[in-house]
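What follows is work-v5.tsv (TSV, C-alpha atoms).
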```tsv
chain	number	residue	atom	x	y	z
A	8	MET	CA	80.45	-118.73	29.41
A	9	ASN	CA	83.46	-116.61	30.34
A	10	TYR	CA	83.32	-112.81	30.54
A	11	ALA	CA	85.28	-112.16	27.31
A	12	LEU	CA	83.03	-114.40	25.26
A	13	LYS	CA	79.94	-112.81	26.77
A	14	ILE	CA	81.17	-109.35	25.78
A	15	LYS	CA	82.02	-110.56	22.26
A	16	ASN	CA	78.54	-112.05	21.83
A	17	SER	CA	76.95	-108.82	23.07
A	18	VAL	CA	78.98	-106.88	20.53
A	19	MET	CA	77.86	-109.18	17.73
A	20	GLU	CA	74.22	-108.94	18.76
A	21	LEU	CA	74.29	-105.15	18.72
A	22	ARG	CA	76.12	-105.21	15.40
A	23	LEU	CA	73.43	-107.48	14.01
A	24	GLU	CA	70.88	-104.84	15.07
A	25	GLY	CA	72.65	-102.33	12.86
A	26	LYS	CA	74.64	-100.48	15.51
A	27	THR	CA	77.85	-98.74	14.56
A	28	TYR	CA	81.07	-99.57	16.39
A	29	THR	CA	80.90	-96.20	18.15
A	30	GLU	CA	77.36	-96.91	19.32
A	31	ILE	CA	78.34	-100.40	20.47
A	32	ALA	CA	81.33	-99.18	22.47
A	33	LYS	CA	79.19	-96.52	24.11
A	34	ALA	CA	76.32	-98.91	24.91
A	35	LEU	CA	78.62	-101.54	26.47
A	36	ARG	CA	81.06	-99.00	27.94
A	37	LEU	CA	83.94	-100.64	26.15
A	38	LYS	CA	87.40	-99.27	25.56
A	39	VAL	CA	88.19	-101.56	22.67
A	40	PRO	CA	89.73	-100.45	19.36
A	41	LYS	CA	87.35	-100.39	16.41
A	42	SER	CA	89.68	-102.74	14.58
A	43	THR	CA	89.07	-105.36	17.31
A	44	LEU	CA	85.30	-104.87	17.15
A	45	SER	CA	85.48	-105.23	13.38
A	46	GLU	CA	87.38	-108.51	13.72
A	47	TRP	CA	84.77	-109.84	16.14
A	48	CYS	CA	81.92	-108.93	13.80
A	49	LYS	CA	83.40	-109.95	10.45
A	50	SER	CA	80.87	-112.78	10.11
A	51	VAL	CA	77.86	-110.62	10.97
A	52	VAL	CA	75.49	-109.88	8.09
A	53	MET	CA	74.31	-106.29	8.39
A	54	PRO	CA	70.65	-105.26	7.88
A	55	SER	CA	69.69	-104.01	4.41
A	56	TRP	CA	69.06	-100.49	5.72
A	57	TYR	CA	72.50	-100.15	7.37
A	58	GLN	CA	74.15	-98.31	4.45
A	59	GLU	CA	71.39	-95.70	4.46
A	60	LYS	CA	72.02	-95.16	8.17
A	61	ILE	CA	75.74	-94.72	7.57
A	62	GLN	CA	75.11	-92.23	4.77
A	63	GLU	CA	72.80	-90.23	7.02
A	64	LEU	CA	75.34	-90.25	9.86
A	65	ASN	CA	78.10	-89.14	7.50
A	66	LYS	CA	75.88	-86.32	6.26
A	67	LYS	CA	75.17	-85.12	9.81
A	68	ASN	CA	78.82	-85.37	10.83
A	69	PHE	CA	79.90	-83.48	7.72
A	70	SER	CA	77.35	-80.74	8.46
A	71	LYS	CA	78.58	-80.51	12.04
A	72	ALA	CA	82.18	-80.34	10.86
A	73	GLN	CA	81.26	-77.58	8.43
A	74	LYS	CA	79.65	-75.52	11.20
A	75	LEU	CA	82.67	-75.99	13.47
A	76	SER	CA	84.96	-75.02	10.60
A	77	ILE	CA	82.94	-71.86	9.92
A	78	ILE	CA	83.07	-70.87	13.60
A	79	SER	CA	86.80	-71.57	13.75
A	80	ASN	CA	87.50	-69.53	10.61
A	81	ARG	CA	85.37	-66.67	11.92
A	82	ILE	CA	87.34	-66.58	15.16
A	83	LYS	CA	90.61	-66.57	13.20
A	84	GLN	CA	89.35	-63.73	10.98
A	85	ASP	CA	88.22	-61.71	13.99
A	86	ARG	CA	91.64	-62.11	15.60
A	87	LEU	CA	93.40	-61.17	12.36
A	88	HIS	CA	91.15	-58.14	11.92
A	89	ALA	CA	91.88	-56.98	15.48
A	90	SER	CA	95.65	-57.38	15.05
A	91	LEU	CA	95.65	-55.55	11.70
A	92	LEU	CA	93.59	-52.75	13.21
A	93	VAL	CA	96.13	-52.23	15.99
A	94	LYS	CA	99.05	-52.55	13.56
A	95	ASN	CA	97.75	-49.92	11.12
A	96	LYS	CA	95.72	-47.57	13.32
A	97	HIS	CA	98.50	-44.98	13.27
A	98	LEU	CA	98.11	-44.46	9.51
A	99	SER	CA	95.02	-42.28	9.96
A	100	ARG	CA	97.11	-39.43	11.33
A	101	TYR	CA	98.91	-39.12	7.99
A	102	LEU	CA	95.67	-37.81	6.45
A	103	LYS	CA	96.40	-34.55	8.23
A	104	ASN	CA	99.16	-34.12	5.65
A	105	LYS	CA	97.37	-32.57	2.66
A	106	ASP	CA	99.84	-33.90	0.09
A	107	ILE	CA	99.42	-37.49	1.29
A	108	ALA	CA	95.64	-37.06	1.39
A	109	LYS	CA	95.70	-35.72	-2.16
A	110	MET	CA	97.70	-38.70	-3.39
A	111	LEU	CA	95.17	-41.05	-1.81
A	112	LEU	CA	92.32	-39.13	-3.44
A	113	SER	CA	94.02	-39.21	-6.84
A	114	ILE	CA	94.52	-42.98	-6.66
A	115	LEU	CA	90.91	-43.44	-5.57
A	116	TYR	CA	89.74	-41.30	-8.47
A	117	LEU	CA	92.01	-43.16	-10.88
A	118	GLY	CA	90.13	-46.36	-10.12
A	119	GLU	CA	86.56	-45.14	-9.69
A	120	GLY	CA	86.24	-41.66	-11.19
A	121	ALA	CA	85.18	-40.38	-14.61
A	122	LYS	CA	88.08	-39.20	-16.75
A	123	TRP	CA	88.52	-35.67	-18.13
A	124	LYS	CA	88.02	-36.53	-21.83
A	125	SER	CA	84.63	-38.12	-21.16
A	126	HIS	CA	83.41	-35.84	-18.38
A	127	ARG	CA	84.59	-32.32	-17.52
A	128	GLY	CA	83.97	-32.13	-13.81
A	129	LEU	CA	84.30	-34.46	-10.88
A	130	MET	CA	82.20	-37.62	-11.05
A	131	LEU	CA	82.74	-40.84	-9.16
A	132	GLY	CA	80.45	-43.80	-8.66
A	133	SER	CA	80.61	-46.96	-6.56
A	134	SER	CA	78.37	-49.49	-4.85
A	135	ASP	CA	80.86	-49.67	-1.97
A	136	LEU	CA	79.88	-47.40	0.92
A	137	ASN	CA	83.48	-47.24	2.19
A	138	ILE	CA	84.69	-45.86	-1.14
A	139	ILE	CA	81.93	-43.25	-1.23
A	140	GLN	CA	82.53	-42.12	2.35
A	141	LEU	CA	86.31	-41.96	1.84
A	142	TYR	CA	85.86	-39.94	-1.36
A	143	VAL	CA	83.58	-37.42	0.35
A	144	HIS	CA	86.01	-37.12	3.28
A	145	LEU	CA	89.04	-36.60	1.03
A	146	LEU	CA	87.29	-33.99	-1.13
A	147	LYS	CA	86.75	-31.96	2.03
A	148	ALA	CA	90.28	-32.53	3.35
A	149	CYS	CA	92.06	-31.74	0.08
A	150	TYR	CA	89.90	-29.08	-1.59
A	151	GLY	CA	87.46	-27.90	1.05
A	152	ILE	CA	84.51	-29.26	-0.97
A	153	ASP	CA	81.74	-29.71	1.57
A	154	ARG	CA	79.28	-32.59	1.10
A	155	GLN	CA	76.46	-30.07	0.87
A	156	LYS	CA	77.93	-28.93	-2.47
A	157	LEU	CA	77.77	-32.44	-3.89
A	158	ARG	CA	74.94	-33.89	-5.95
A	159	PHE	CA	73.99	-37.54	-6.19
A	160	ARG	CA	72.14	-40.05	-8.33
A	161	ILE	CA	71.58	-43.77	-7.90
A	162	SER	CA	72.06	-46.32	-10.66
A	163	TYR	CA	69.81	-49.22	-9.71
A	164	ARG	CA	68.11	-52.37	-10.91
A	165	ALA	CA	64.51	-52.60	-12.11
A	166	ASP	CA	63.26	-54.60	-9.11
A	167	GLN	CA	64.67	-52.14	-6.56
A	168	ASN	CA	62.88	-49.25	-4.81
A	169	LEU	CA	64.66	-46.01	-5.70
A	170	ARG	CA	63.25	-44.08	-2.74
A	171	LYS	CA	64.58	-46.64	-0.26
A	172	LEU	CA	67.99	-46.59	-1.93
A	173	GLU	CA	68.12	-42.80	-1.79
A	174	ARG	CA	67.25	-42.81	1.90
A	175	TYR	CA	70.00	-45.36	2.57
A	176	TRP	CA	72.71	-43.36	0.80
A	177	ALA	CA	71.49	-40.00	2.14
A	178	GLN	CA	71.68	-41.25	5.73
A	179	ALA	CA	75.05	-42.98	5.23
A	180	ILE	CA	76.66	-39.91	3.64
A	181	GLY	CA	74.85	-37.29	5.73
A	182	VAL	CA	73.11	-35.26	3.03
A	183	PRO	CA	69.46	-34.35	2.40
A	184	LEU	CA	67.32	-36.25	-0.09
A	185	ALA	CA	66.91	-33.03	-2.05
A	186	HIS	CA	70.49	-33.48	-3.28
A	187	PHE	CA	69.54	-36.60	-5.26
A	188	TYR	CA	68.62	-36.44	-8.93
A	189	LYS	CA	65.81	-38.71	-10.07
A	190	THR	CA	66.91	-41.56	-12.28
A	191	ILE	CA	65.41	-44.55	-14.07
A	192	PRO	CA	66.43	-48.19	-13.55
A	193	ASP	CA	68.83	-50.03	-15.81
A	194	SER	CA	66.64	-51.31	-18.64
A	195	ARG	CA	68.86	-54.38	-19.02
A	196	THR	CA	67.71	-55.63	-15.61
A	197	ARG	CA	63.97	-55.69	-16.33
A	198	GLY	CA	62.49	-59.09	-15.49
A	199	LYS	CA	65.67	-60.10	-13.65
A	200	PHE	CA	65.82	-60.71	-9.90
A	201	THR	CA	68.52	-59.02	-7.81
A	202	ARG	CA	70.33	-61.86	-6.07
A	203	LYS	CA	72.49	-59.80	-3.71
A	204	LYS	CA	70.18	-58.74	-0.89
A	205	ASP	CA	72.60	-56.10	0.38
A	206	TYR	CA	73.10	-54.47	-3.04
A	207	LYS	CA	72.15	-50.80	-2.73
A	208	GLY	CA	72.80	-49.72	-6.29
A	209	VAL	CA	75.66	-47.51	-7.45
A	210	CYS	CA	75.90	-44.08	-5.85
A	211	VAL	CA	77.23	-41.52	-8.33
A	212	ILE	CA	78.61	-38.24	-6.95
A	213	THR	CA	79.06	-35.15	-9.11
A	214	CYS	CA	80.29	-31.62	-8.58
A	215	GLY	CA	82.05	-28.93	-10.55
A	216	GLY	CA	85.82	-28.85	-10.75
A	217	THR	CA	87.42	-29.49	-14.12
A	218	GLU	CA	90.80	-28.26	-12.88
A	219	ILE	CA	90.61	-30.51	-9.82
A	220	GLN	CA	89.68	-33.45	-12.01
A	221	GLN	CA	92.72	-32.90	-14.22
A	222	GLU	CA	94.96	-32.53	-11.18
A	223	LEU	CA	93.71	-35.80	-9.72
A	224	GLU	CA	94.41	-37.53	-13.03
A	225	ILE	CA	97.94	-36.17	-13.37
A	226	ILE	CA	99.15	-37.04	-9.83
A	227	PRO	CA	99.31	-40.83	-10.44
A	228	LYS	CA	101.34	-40.15	-13.59
A	229	ILE	CA	103.79	-38.07	-11.52
A	230	ILE	CA	104.06	-40.90	-8.97
A	231	LEU	CA	104.80	-43.44	-11.73
A	232	ALA	CA	107.31	-41.12	-13.39
A	233	GLY	CA	109.27	-40.88	-10.15
A	234	ARG	CA	109.65	-44.64	-9.68
```

The structure given in the file should be rewritten as structure tokens.
Amino acid sequence: MNYALKIKNSVMELRLEGKTYTEIAKALRLKVPKSTLSEWCKSVVMPSWYQEKIQELNKKNFSKAQKLSIISNRIKQDRLHASLLVKNKHLSRYLKNKDIAKMLLSILYLGEGAKWKSHRGLMLGSSDLNIIQLYVHLLKACYGIDRQKLRFRISYRADQNLRKLERYWAQAIGVPLAHFYKTIPDSRTRGKFTRKKDYKGVCVITCGGTEIQQELEIIPKIILAGR
């Protein structure tokens, strides 16, 4: 029996055992195209369990591909985040300009704050820590309103622990727990499980300042009028 025929028979035997073409090439250390292996084995009847094996292999390969894709996307996002940080880092110095800071505060309040007709005085609520911290910072920068003058309450779901939520927000903002009003959970959430594990409720900030509230509401109108 010549060498080529011996190799071909070995391939067919392994195929008959239910080996994939990749496994066969690896076992015999062959550098033969899969199309050639397929031609050699076209008469081989595969075991009944072969399709289950293929499905399992496809599942594992898909899972591996998913993980690699996630890692690749994460690296791309990290690189993008780093480049955007460098590109826009200079913008923070513009906050030293009170007029620019006030425009930012007015736009923030336009989206998240209570309006004058429904609430006379400053009130803003959000579940986003960045929004809350930015609001507190801009109140100080624009109007000299120190965080110690602010009062807080947490809107939360029935299955959440209010005390834990208060401690979270108090530490993040840098205010004592004594500045938090006691509240009751949203009655609509009773018997319902909170799916978002990182949800810390909505932090609502209040303080006096009807005139400031009206000023913050009128600034976006002035910006739009000057388009």

Given 5 Å of margin on each side, can you work out the centre and size in Å (one decimal) of an axis-aligned box holding every listed atom of region 122-128 of chain A, as lines of an AutoDock Vina configuration file?
```
center_x = 86.0
center_y = -35.7
center_z = -17.8
size_x = 15.1
size_y = 17.1
size_z = 18.0
```

Could you give me, as a list of chain:residue names, the residues that sit within 12 Å of (60.4, -47.9, -10.4) in the file's coordinates, counting all atoms listed in the file?
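Residues found, by chain and rising number: A:Ser162, A:Tyr163, A:Arg164, A:Ala165, A:Asp166, A:Gln167, A:Asn168, A:Leu169, A:Arg170, A:Lys171, A:Leu172, A:Lys189, A:Thr190, A:Ile191, A:Pro192, A:Asp193, A:Ser194, A:Thr196, A:Arg197.
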
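Near Lys147 (chain A), within 12 Å and counting only C-alpha atoms, sit Leu102, Lys103, Lys105, Ala108, Lys109, Leu112, Gln140, Leu141, Tyr142, Val143, His144, Tyr150, Gly151, Ile152, Asp153, Arg154, Gln155, Lys156 and Leu157 of chain A, not including residues fewer than 3 positions from it in the same chain.
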
9 Å contact set for Ile226 (chain A), only C-alpha atoms, chain neighbours under 6 positions out, as a ChimeraX atom specification:
/A:109-110,113-114

Just the residues within 8 Å of Met130 (chain A), please, counting all atoms listed in the file, with nothing from its chain fewer than 4 positions along; format it as a list in words.
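These residues fall inside the cut-off: Gly120, Ala121, His126, Val211, Ile212, Thr213 and Cys214 of chain A.
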
Saved selection, atoms kept: C-alpha atoms, as a PDB file, in the coordinates of the input:
```
ATOM      1  CA  GLY A 120      86.240 -41.660 -11.190  1.00  0.00           C
ATOM      2  CA  ALA A 121      85.180 -40.380 -14.610  1.00  0.00           C
ATOM      3  CA  HIS A 126      83.410 -35.840 -18.380  1.00  0.00           C
ATOM      4  CA  VAL A 211      77.230 -41.520  -8.330  1.00  0.00           C
ATOM      5  CA  ILE A 212      78.610 -38.240  -6.950  1.00  0.00           C
ATOM      6  CA  THR A 213      79.060 -35.150  -9.110  1.00  0.00           C
ATOM      7  CA  CYS A 214      80.290 -31.620  -8.580  1.00  0.00           C
TER       8      CYS A 214
END
```

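The two atoms in question, CA of Ala179 (chain A) and CA of Asn137 (chain A), are spaced 9.9 Å apart.
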